[in-house]
file entry.cif (mmCIF, C-alpha atoms)
data_start
#
loop_
_atom_site.label_atom_id
_atom_site.label_comp_id
_atom_site.auth_asym_id
_atom_site.auth_seq_id
_atom_site.Cartn_x
_atom_site.Cartn_y
_atom_site.Cartn_z
CA MET L 1 -40.09 21.87 -46.60
CA ILE L 2 -38.60 25.02 -48.07
CA GLU L 3 -35.42 24.35 -46.15
CA PHE L 4 -35.25 20.84 -47.62
CA VAL L 5 -35.53 22.17 -51.17
CA GLU L 6 -32.97 24.89 -50.47
CA GLU L 7 -30.57 22.31 -49.11
CA CYS L 8 -31.05 20.31 -52.30
CA ARG L 9 -30.35 23.41 -54.35
CA ARG L 10 -27.12 24.02 -52.49
CA GLU L 11 -26.04 20.47 -53.14
CA TRP L 12 -26.90 20.70 -56.84
CA ARG L 13 -24.94 23.93 -57.05
CA ARG L 14 -21.99 22.24 -55.39
CA LEU L 15 -22.22 19.33 -57.84
CA GLY L 16 -22.33 21.65 -60.84
CA VAL L 17 -25.86 20.79 -61.90
CA PRO L 18 -26.91 23.29 -64.60
CA ASN L 19 -29.33 25.90 -63.28
CA PRO L 20 -32.26 25.08 -65.59
CA VAL L 21 -32.09 21.42 -64.54
CA ALA L 22 -31.78 22.31 -60.86
CA ASN L 23 -34.72 24.72 -61.17
CA GLU L 24 -36.81 22.04 -62.82
CA MET L 25 -36.03 19.46 -60.14
CA ALA L 26 -36.64 21.98 -57.37
CA ALA L 27 -39.98 22.99 -58.88
CA ASP L 28 -41.13 19.37 -59.21
CA LEU L 29 -40.05 18.59 -55.70
CA THR L 30 -41.72 21.69 -54.26
CA ALA L 31 -44.97 20.95 -56.07
CA ASP L 32 -45.01 17.35 -54.82
CA LEU L 33 -44.22 18.36 -51.25
CA GLU L 34 -46.89 21.06 -51.29
CA GLU L 35 -49.44 18.62 -52.61
CA ALA L 36 -48.61 16.11 -49.91
CA GLU L 37 -48.83 18.82 -47.27
CA ALA L 38 -52.19 20.00 -48.61
CA GLU L 39 -53.45 16.44 -48.29
CA GLY L 40 -52.30 16.28 -44.70
CA GLY L 41 -49.27 14.18 -45.49
CA SER L 42 -45.65 14.59 -44.47
CA PRO L 43 -42.44 14.92 -46.47
CA GLU L 44 -41.83 11.26 -45.71
CA ASP L 45 -44.88 10.38 -47.77
CA VAL L 46 -43.11 11.87 -50.77
CA LEU L 47 -39.48 11.14 -50.00
CA GLY L 48 -39.44 8.15 -47.69
CA ASN L 49 -36.44 8.14 -45.40
CA SER L 50 -34.63 10.51 -47.79
CA ALA L 51 -36.64 13.26 -46.11
CA PHE L 52 -33.98 13.24 -43.39
CA ASP L 53 -30.97 13.56 -45.68
CA PRO L 54 -31.50 16.25 -48.32
CA ARG L 55 -27.90 16.34 -49.51
CA ARG L 56 -27.71 12.64 -50.13
CA PHE L 57 -31.10 12.68 -51.79
CA ALA L 58 -30.14 15.59 -54.05
CA ALA L 59 -26.84 14.00 -55.01
CA ALA L 60 -28.47 10.66 -55.79
CA TRP L 61 -31.17 12.25 -57.91
CA ALA L 62 -28.74 14.42 -59.88
CA ALA L 63 -26.35 11.54 -60.44
CA ALA L 64 -29.18 9.25 -61.55
CA ARG L 65 -30.18 11.84 -64.12
CA GLY L 66 -26.56 12.20 -65.20
CA VAL L 67 -26.49 15.97 -64.69
CA THR L 68 -23.57 16.34 -62.28
CA ASN L 69 -20.22 17.68 -63.36
CA ILE L 70 -18.48 16.05 -60.44
CA PRO L 71 -18.09 12.28 -60.67
CA ALA L 72 -19.75 10.21 -58.00
CA PRO L 73 -17.42 9.55 -55.09
CA ASP L 74 -15.40 6.39 -55.39
CA PRO L 75 -16.22 4.14 -52.46
CA GLN L 76 -12.70 2.71 -52.52
CA PRO L 77 -10.03 5.23 -51.56
CA ARG L 78 -7.31 5.51 -54.13
CA TRP L 79 -4.38 7.81 -54.81
CA ARG L 80 -5.36 11.28 -53.61
CA PRO L 81 -3.79 14.60 -54.61
CA PRO L 82 -2.90 15.53 -50.99
CA VAL L 83 -0.89 12.32 -50.70
CA ALA L 84 0.92 13.14 -53.93
CA ILE L 85 1.65 16.66 -52.73
CA ALA L 86 3.00 15.40 -49.40
CA LEU L 87 5.17 12.86 -51.20
CA ALA L 88 6.45 15.50 -53.61
CA VAL L 89 7.37 17.81 -50.73
CA PHE L 90 9.13 14.96 -48.93
CA LEU L 91 11.09 13.98 -52.02
CA GLY L 92 11.92 17.60 -52.72
CA VAL L 93 13.32 18.18 -49.24
CA LEU L 94 15.22 14.90 -49.41
CA THR L 95 16.72 15.84 -52.76
CA ILE L 96 17.72 19.30 -51.55
CA LEU L 97 19.40 17.84 -48.46
CA ALA L 98 21.17 15.25 -50.54
CA SER L 99 22.36 17.83 -53.07
CA PHE L 100 23.58 20.04 -50.20
CA ALA L 101 25.48 17.12 -48.74
CA LEU L 102 27.00 16.41 -52.13
CA LEU L 103 28.09 20.02 -52.61
CA VAL L 104 29.64 20.26 -49.15
CA GLY L 105 31.26 16.91 -49.60
CA ARG L 106 32.74 17.98 -52.88
CA SER L 107 34.20 21.21 -51.44
CA SER L 108 35.73 19.58 -48.38
CA SER L 109 36.54 16.29 -50.05
CA SER L 110 35.11 14.29 -47.18
CA ILE L 111 32.26 14.30 -44.72
CA ALA L 112 31.97 11.89 -41.88
CA PHE L 113 29.86 11.52 -38.80
CA ALA L 114 31.74 11.49 -35.57
CA THR L 115 30.92 8.36 -33.73
CA ARG L 116 32.98 8.40 -30.60
CA ARG L 117 33.88 11.43 -28.54
CA ILE L 118 31.81 14.57 -28.23
CA ALA L 119 33.26 17.61 -26.48
CA ALA L 120 31.38 20.70 -25.43
CA VAL L 121 33.31 23.94 -25.52
CA PRO L 122 31.50 26.58 -23.43
CA GLY L 123 31.28 30.22 -24.26
CA ARG L 124 32.54 30.15 -27.80
CA ILE L 125 31.34 29.25 -31.19
CA HIS L 126 33.94 27.41 -33.18
CA LEU L 127 33.29 26.87 -36.78
CA PHE L 128 35.82 24.47 -38.12
CA ALA L 129 35.89 23.45 -41.68
CA PRO L 130 34.60 19.93 -41.83
CA GLY L 131 37.36 17.45 -42.17
CA PRO L 132 37.75 13.73 -42.13
CA GLY L 133 36.11 12.16 -39.11
CA ARG L 134 34.85 15.44 -37.69
CA VAL L 135 31.54 17.22 -37.57
CA VAL L 136 31.23 20.64 -35.92
CA LEU L 137 27.86 22.08 -35.03
CA PRO L 138 26.91 25.23 -33.08
CA GLY L 139 25.24 24.09 -29.89
CA PRO L 140 22.62 25.68 -27.66
CA LEU L 141 23.43 28.58 -25.27
CA GLY L 142 26.57 29.59 -27.06
CA ARG L 143 28.17 26.19 -26.75
CA THR L 144 29.83 24.45 -29.57
CA ILE L 145 29.60 20.76 -29.86
CA VAL L 146 32.61 19.25 -31.45
CA GLY L 147 32.54 15.67 -32.44
CA THR L 148 35.60 13.75 -33.37
CA GLY L 149 36.33 10.15 -33.69
CA GLY L 150 37.33 7.44 -36.02
CA PRO L 151 37.08 7.39 -39.76
CA GLY L 152 33.24 7.53 -39.57
CA ILE L 153 30.80 6.78 -42.31
CA SER L 154 31.22 8.57 -45.59
CA LEU L 155 28.01 10.30 -46.62
CA HIS L 156 28.97 10.91 -50.22
CA PRO L 157 27.73 7.64 -51.79
CA LEU L 158 24.62 7.72 -49.61
CA ALA L 159 23.87 11.31 -50.53
CA LEU L 160 24.40 10.49 -54.20
CA MET L 161 21.94 7.60 -53.99
CA VAL L 162 19.37 9.70 -52.14
CA PHE L 163 19.80 12.50 -54.64
CA ILE L 164 19.27 10.19 -57.60
CA ALA L 165 16.31 8.48 -55.90
CA GLY L 166 14.79 11.87 -55.12
CA ILE L 167 15.14 13.10 -58.70
CA VAL L 168 13.72 9.86 -60.08
CA GLY L 169 10.87 10.03 -57.57
CA ILE L 170 10.00 13.63 -58.43
CA VAL L 171 10.07 12.93 -62.15
CA GLY L 172 7.96 9.80 -61.65
CA LEU L 173 5.51 11.71 -59.51
CA GLY L 174 5.26 14.42 -62.13
CA LEU L 175 4.53 11.87 -64.84
CA PHE L 176 1.95 10.22 -62.61
CA ALA L 177 0.32 13.59 -61.91
CA LEU L 178 0.07 14.24 -65.66
CA TRP L 179 -1.52 10.83 -66.18
CA TYR L 180 -3.80 11.31 -63.17
CA CYS L 181 -5.12 14.57 -64.58
CA SER L 182 -5.54 13.19 -68.08
CA PRO L 183 -8.90 11.91 -69.34
CA TRP L 184 -7.43 8.40 -69.82
CA PHE L 185 -7.16 7.93 -66.08
CA GLY L 186 -10.92 8.28 -65.48
CA ARG L 187 -11.78 5.92 -68.30
CA ARG L 188 -9.33 3.24 -67.29
CA ASN L 189 -10.33 3.28 -63.65
CA ARG L 190 -14.06 3.59 -64.03
CA ARG L 191 -15.64 0.34 -63.05
CA PRO L 192 -18.78 -0.80 -64.80
CA GLY L 193 -21.69 1.04 -63.24
CA ALA L 194 -19.41 3.16 -61.06
CA ARG L 195 -21.36 6.31 -61.86
CA ARG L 196 -24.61 4.60 -61.18
CA THR L 197 -26.17 5.65 -57.94
CA PRO L 198 -28.39 3.55 -55.76
CA THR L 199 -31.70 3.27 -57.52
CA TRP L 200 -33.70 3.28 -54.33
CA ASN L 201 -32.44 6.09 -52.30
CA MET C 1 -38.36 -6.91 -36.76
CA GLY C 2 -35.35 -5.04 -37.99
CA ASN C 3 -34.33 -7.96 -40.14
CA ALA C 4 -37.81 -8.20 -41.60
CA GLU C 5 -37.71 -4.50 -42.51
CA GLY C 6 -34.29 -4.90 -44.02
CA ARG C 7 -35.40 -7.86 -46.13
CA ARG C 8 -38.47 -6.02 -47.32
CA SER C 9 -36.31 -3.07 -48.29
CA GLN C 10 -33.90 -5.31 -50.19
CA LEU C 11 -36.74 -6.99 -52.02
CA LEU C 12 -38.30 -3.67 -52.97
CA ARG C 13 -35.00 -2.37 -54.26
CA GLY C 14 -34.90 -5.08 -56.85
CA VAL C 15 -38.38 -4.54 -58.21
CA LEU C 16 -39.31 -0.94 -57.54
CA ASP C 17 -38.38 0.11 -61.06
CA LEU C 18 -40.72 -2.57 -62.30
CA CYS C 19 -43.49 -1.30 -60.00
CA LEU C 20 -42.98 2.23 -61.27
CA LEU C 21 -43.16 1.10 -64.86
CA ALA C 22 -46.32 -0.80 -63.98
CA VAL C 23 -48.10 2.19 -62.42
CA MET C 24 -47.02 4.30 -65.36
CA GLY C 25 -48.81 1.76 -67.50
CA GLU C 26 -52.07 3.12 -66.05
CA GLY C 27 -51.32 6.44 -67.68
CA PRO C 28 -48.88 9.34 -67.42
CA ALA C 29 -48.15 10.43 -63.86
CA TYR C 30 -45.93 12.88 -62.02
CA GLY C 31 -43.68 11.87 -59.15
CA TYR C 32 -45.98 12.13 -56.17
CA GLU C 33 -48.88 10.76 -58.18
CA MET C 34 -46.86 7.59 -58.74
CA THR C 35 -46.17 7.38 -55.03
CA LYS C 36 -49.91 7.56 -54.40
CA ARG C 37 -50.62 4.92 -57.01
CA LEU C 38 -48.09 2.63 -55.38
CA ARG C 39 -49.67 3.25 -51.99
CA ALA C 40 -53.11 2.49 -53.41
CA ARG C 41 -51.69 -0.88 -54.46
CA GLY C 42 -50.41 -1.51 -50.98
CA LEU C 43 -46.83 -0.44 -51.52
CA SER C 44 -45.85 2.38 -49.22
CA ILE C 45 -42.45 4.00 -49.53
CA VAL C 46 -42.50 5.39 -45.99
CA GLY C 47 -39.36 4.09 -44.36
CA GLU C 48 -37.79 3.56 -47.75
CA GLY C 49 -36.14 5.98 -50.11
CA SER C 50 -37.47 8.36 -52.68
CA ILE C 51 -38.56 7.38 -56.17
CA TYR C 52 -37.00 10.43 -57.81
CA PRO C 53 -33.51 9.03 -58.40
CA LEU C 54 -35.10 5.93 -59.83
CA LEU C 55 -37.28 7.98 -62.15
CA GLY C 56 -34.17 9.87 -63.22
CA ARG C 57 -32.43 6.63 -64.10
CA LEU C 58 -35.42 5.31 -66.00
CA GLU C 59 -35.51 8.54 -67.96
CA ARG C 60 -31.82 8.40 -68.69
CA ASP C 61 -32.13 4.80 -69.82
CA GLY C 62 -34.87 5.76 -72.21
CA LEU C 63 -37.53 3.62 -70.53
CA VAL C 64 -39.80 6.57 -69.84
CA GLU C 65 -40.75 9.68 -71.75
CA THR C 66 -41.57 12.97 -70.06
CA HIS C 67 -43.58 16.05 -70.78
CA ARG C 68 -44.76 19.05 -68.79
CA ALA C 69 -48.41 19.77 -68.23
CA ALA C 70 -50.61 21.58 -65.74
CA SER C 71 -52.05 19.47 -62.96
CA ASN C 72 -55.54 20.22 -61.64
CA GLY C 73 -54.98 23.93 -61.48
CA GLY C 74 -51.58 23.52 -59.82
CA PRO C 75 -48.16 24.34 -61.22
CA PRO C 76 -46.96 22.55 -64.34
CA ARG C 77 -45.68 19.10 -63.45
CA LYS C 78 -43.34 16.70 -65.12
CA TYR C 79 -45.32 13.71 -66.29
CA TYR C 80 -43.72 10.35 -66.93
CA ASN C 81 -45.08 7.72 -69.25
CA LEU C 82 -43.79 4.48 -70.67
CA SER C 83 -41.68 4.59 -73.81
CA PRO C 84 -41.75 1.63 -76.23
CA ASP C 85 -38.50 0.43 -74.62
CA GLY C 86 -40.13 0.83 -71.22
CA GLU C 87 -43.09 -1.32 -72.27
CA ARG C 88 -40.72 -4.05 -73.40
CA ALA C 89 -38.72 -3.71 -70.17
CA LEU C 90 -41.93 -3.95 -68.15
CA GLN C 91 -43.02 -7.12 -69.92
CA GLY C 92 -39.57 -8.66 -69.55
CA GLY C 93 -39.43 -7.64 -65.91
CA ILE C 94 -42.82 -9.17 -65.17
CA ASN C 95 -41.68 -12.46 -66.67
CA GLU C 96 -38.46 -12.37 -64.63
CA TRP C 97 -40.34 -11.55 -61.46
CA GLN C 98 -42.83 -14.36 -61.95
CA ALA C 99 -40.07 -16.84 -62.61
CA ALA C 100 -38.14 -15.69 -59.54
CA ARG C 101 -41.27 -15.66 -57.40
CA ASP C 102 -42.19 -19.19 -58.49
CA ALA C 103 -38.70 -20.40 -57.68
CA VAL C 104 -38.74 -18.74 -54.26
CA ASP C 105 -42.25 -20.03 -53.58
CA GLY C 106 -41.01 -23.50 -54.41
CA ALA C 107 -38.04 -23.19 -52.09
CA LEU C 108 -40.10 -21.73 -49.26
CA GLY C 109 -42.76 -24.37 -49.72
CA LEU C 110 -40.09 -27.05 -49.42
CA VAL C 111 -38.77 -25.53 -46.19
CA LYS C 112 -42.28 -25.32 -44.77
CA ALA C 113 -42.91 -28.98 -45.62
CA GLU C 114 -39.72 -29.97 -43.83
CA VAL C 115 -40.52 -27.89 -40.76
CA MET C 116 -44.13 -28.97 -40.44
CA PRO C 117 -44.63 -32.06 -38.27
#
call {"tool": "encode", "arguments": {"input": "entry.cif", "output": "structure tokens"}}
result
Amino acid sequence: MIEFVEECRREWRRLGVPNPVANEMAADLTADLEEAEAEGGSPEDVLGNSAFDPRRFAAAWAAARGVTNIPAPDPQPRWRPPVAIALAVFLGVLTILASFALLVGRSSSSIAFATRRIAAVPGRIHLFAPGPGRVVLPGPLGRTIVGTGGPGISLHPLALMVFIAGIVGIVGLGLFALWYCSPWFGRRNRRPGARRTPTWN
Amino acid sequence: MGNAEGRRSQLLRGVLDLCLLAVMGEGPAYGYEMTKRLRARGLSIVGEGSIYPLLGRLERDGLVETHRAASNGGPPRKYYNLSPDGERALQGGINEWQAARDAVDGALGLVKAEVMP
């Protein structure tokens, strides 16, 4: 019984229920449970099947009284901050890569992927300045992989598009985050009765 | 059996607030006292949920008024009693229930007449 009330208290604390209100609810609950016990009853006589789920019971009671600081969970998943953070990181990395490609492309006037022949030169690391139709990368175990071939695919327009898309995405995400954190978001998305909790729980 | 329990639970959900308002009509009562009054009228909440969230909603909606008072030598308890709005809600709810019950009785009676040889 005491453990049930303590579990309720923990849940109320987690939900930001003010202490005087939580104390009042805990006192009422304790008194009712003690009375039932003194009469030879069980917690189920007082709480029904909620006797087996103190956290849910506590949350439902606090929400019904309107004393929680945390809104009731939305049953339908929507845009979540972790998703936004992951998207922001992805866009950021993409933008950095694109800007790097643009900078390199500007300094060497052309970047292309080799598409045909790849030669491995053992024992040495050759760092050639990128030129048309050639990409040089240090390979594993001291090998250098040199790719040469035809004219290849120019990365400059692609990098420019990715860079612009990344910037636009980051700015859009920032604006969305501002709107998400604003009070207008909660009001616009709150469905009628969304904060209502089950009345029989 | 499970379906019967489920149906009973669903039915209770729709009218439990009305039942609570009705037992409060007998006089102010604290939470467990209302549970006992319901049980005395043949309505047990064992197997169902607790009445506390419902009492909280009734209080928030202004249908009940509360005060604290000692209870038979025990600790002070929170007593609930009907507010004027609660009395009106109770009367309206009783009318709605009777109308719904009559309609359901009529429908069930019709089914029974069709099934009976």
call {"tool": "interface_residues", "arguments": {"input": "entry.cif", "of": "chain L", "to": "chain C", "cutoff": "12 Å", "atoms": "all atoms listed in the file", "output": "NGL selection string"}}
result
:L and (21 or 24-39 or 41-54 or 56-67 or 195-201)
call {"tool": "write_last_selection", "arguments": {"input": "entry.cif", "atoms": "C-alpha atoms", "output": "PDB file, keeping the file's coordinate frame"}}
result
ATOM      1  CA  VAL L  21     -32.090  21.420 -64.540  1.00  0.00           C
ATOM      2  CA  GLU L  24     -36.810  22.040 -62.820  1.00  0.00           C
ATOM      3  CA  MET L  25     -36.030  19.460 -60.140  1.00  0.00           C
ATOM      4  CA  ALA L  26     -36.640  21.980 -57.370  1.00  0.00           C
ATOM      5  CA  ALA L  27     -39.980  22.990 -58.880  1.00  0.00           C
ATOM      6  CA  ASP L  28     -41.130  19.370 -59.210  1.00  0.00           C
ATOM      7  CA  LEU L  29     -40.050  18.590 -55.700  1.00  0.00           C
ATOM      8  CA  THR L  30     -41.720  21.690 -54.260  1.00  0.00           C
ATOM      9  CA  ALA L  31     -44.970  20.950 -56.070  1.00  0.00           C
ATOM     10  CA  ASP L  32     -45.010  17.350 -54.820  1.00  0.00           C
ATOM     11  CA  LEU L  33     -44.220  18.360 -51.250  1.00  0.00           C
ATOM     12  CA  GLU L  34     -46.890  21.060 -51.290  1.00  0.00           C
ATOM     13  CA  GLU L  35     -49.440  18.620 -52.610  1.00  0.00           C
ATOM     14  CA  ALA L  36     -48.610  16.110 -49.910  1.00  0.00           C
ATOM     15  CA  GLU L  37     -48.830  18.820 -47.270  1.00  0.00           C
ATOM     16  CA  ALA L  38     -52.190  20.000 -48.610  1.00  0.00           C
ATOM     17  CA  GLU L  39     -53.450  16.440 -48.290  1.00  0.00           C
ATOM     18  CA  GLY L  41     -49.270  14.180 -45.490  1.00  0.00           C
ATOM     19  CA  SER L  42     -45.650  14.590 -44.470  1.00  0.00           C
ATOM     20  CA  PRO L  43     -42.440  14.920 -46.470  1.00  0.00           C
ATOM     21  CA  GLU L  44     -41.830  11.260 -45.710  1.00  0.00           C
ATOM     22  CA  ASP L  45     -44.880  10.380 -47.770  1.00  0.00           C
ATOM     23  CA  VAL L  46     -43.110  11.870 -50.770  1.00  0.00           C
ATOM     24  CA  LEU L  47     -39.480  11.140 -50.000  1.00  0.00           C
ATOM     25  CA  GLY L  48     -39.440   8.150 -47.690  1.00  0.00           C
ATOM     26  CA  ASN L  49     -36.440   8.140 -45.400  1.00  0.00           C
ATOM     27  CA  SER L  50     -34.630  10.510 -47.790  1.00  0.00           C
ATOM     28  CA  ALA L  51     -36.640  13.260 -46.110  1.00  0.00           C
ATOM     29  CA  PHE L  52     -33.980  13.240 -43.390  1.00  0.00           C
ATOM     30  CA  ASP L  53     -30.970  13.560 -45.680  1.00  0.00           C
ATOM     31  CA  PRO L  54     -31.500  16.250 -48.320  1.00  0.00           C
ATOM     32  CA  ARG L  56     -27.710  12.640 -50.130  1.00  0.00           C
ATOM     33  CA  PHE L  57     -31.100  12.680 -51.790  1.00  0.00           C
ATOM     34  CA  ALA L  58     -30.140  15.590 -54.050  1.00  0.00           C
ATOM     35  CA  ALA L  59     -26.840  14.000 -55.010  1.00  0.00           C
ATOM     36  CA  ALA L  60     -28.470  10.660 -55.790  1.00  0.00           C
ATOM     37  CA  TRP L  61     -31.170  12.250 -57.910  1.00  0.00           C
ATOM     38  CA  ALA L  62     -28.740  14.420 -59.880  1.00  0.00           C
ATOM     39  CA  ALA L  63     -26.350  11.540 -60.440  1.00  0.00           C
ATOM     40  CA  ALA L  64     -29.180   9.250 -61.550  1.00  0.00           C
ATOM     41  CA  ARG L  65     -30.180  11.840 -64.120  1.00  0.00           C
ATOM     42  CA  GLY L  66     -26.560  12.200 -65.200  1.00  0.00           C
ATOM     43  CA  VAL L  67     -26.490  15.970 -64.690  1.00  0.00           C
ATOM     44  CA  ARG L 195     -21.360   6.310 -61.860  1.00  0.00           C
ATOM     45  CA  ARG L 196     -24.610   4.600 -61.180  1.00  0.00           C
ATOM     46  CA  THR L 197     -26.170   5.650 -57.940  1.00  0.00           C
ATOM     47  CA  PRO L 198     -28.390   3.550 -55.760  1.00  0.00           C
ATOM     48  CA  THR L 199     -31.700   3.270 -57.520  1.00  0.00           C
ATOM     49  CA  TRP L 200     -33.700   3.280 -54.330  1.00  0.00           C
ATOM     50  CA  ASN L 201     -32.440   6.090 -52.300  1.00  0.00           C
TER      51      ASN L 201
END
call {"tool": "atom_distance", "arguments": {"input": "entry.cif", "atom1": "CA of Cys19 (chain C)", "atom2": "CA of Glu6 (chain L)"}}
result
29.8 Å
call {"tool": "residues_near_point", "arguments": {"input": "entry.cif", "point": "(-42.5, -7.3, -60.4)", "cutoff": "12 Å", "atoms": "all atoms listed in the file", "output": "JSON, numbers by chain"}}
result
{"C": [11, 12, 13, 14, 15, 16, 17, 18, 19, 20, 21, 22, 23, 89, 90, 91, 92, 93, 94, 95, 96, 97, 98, 99, 100, 101]}
call {"tool": "residues_around", "arguments": {"input": "entry.cif", "residues": "region 12-16 of chain L", "least_positions_apart": "4", "cutoff": "7 Å", "atoms": "only C-alpha atoms", "output": "JSON, numbers by chain"}}
result
{"L": [8, 22, 58, 59, 68, 69, 70]}
call {"tool": "resolve_selection", "arguments": {"input": "entry.cif", "expression": "the PyMOL selection byres ((chain C and resi 85) around 10)", "output": "list in words"}}
result
Asp61, Gly62, Leu63, Val64, Glu65, Leu82, Ser83, Pro84, Gly86, Glu87, Arg88, Ala89, Leu90 and Gln91 of chain C
call {"tool": "atom_distance", "arguments": {"input": "entry.cif", "atom1": "CA of Val83 (chain L)", "atom2": "CA of Tyr180 (chain L)"}}
result
12.8 Å
call {"tool": "atom_distance", "arguments": {"input": "entry.cif", "atom1": "CA of Met24 (chain C)", "atom2": "CA of Thr66 (chain C)"}}
result
11.3 Å
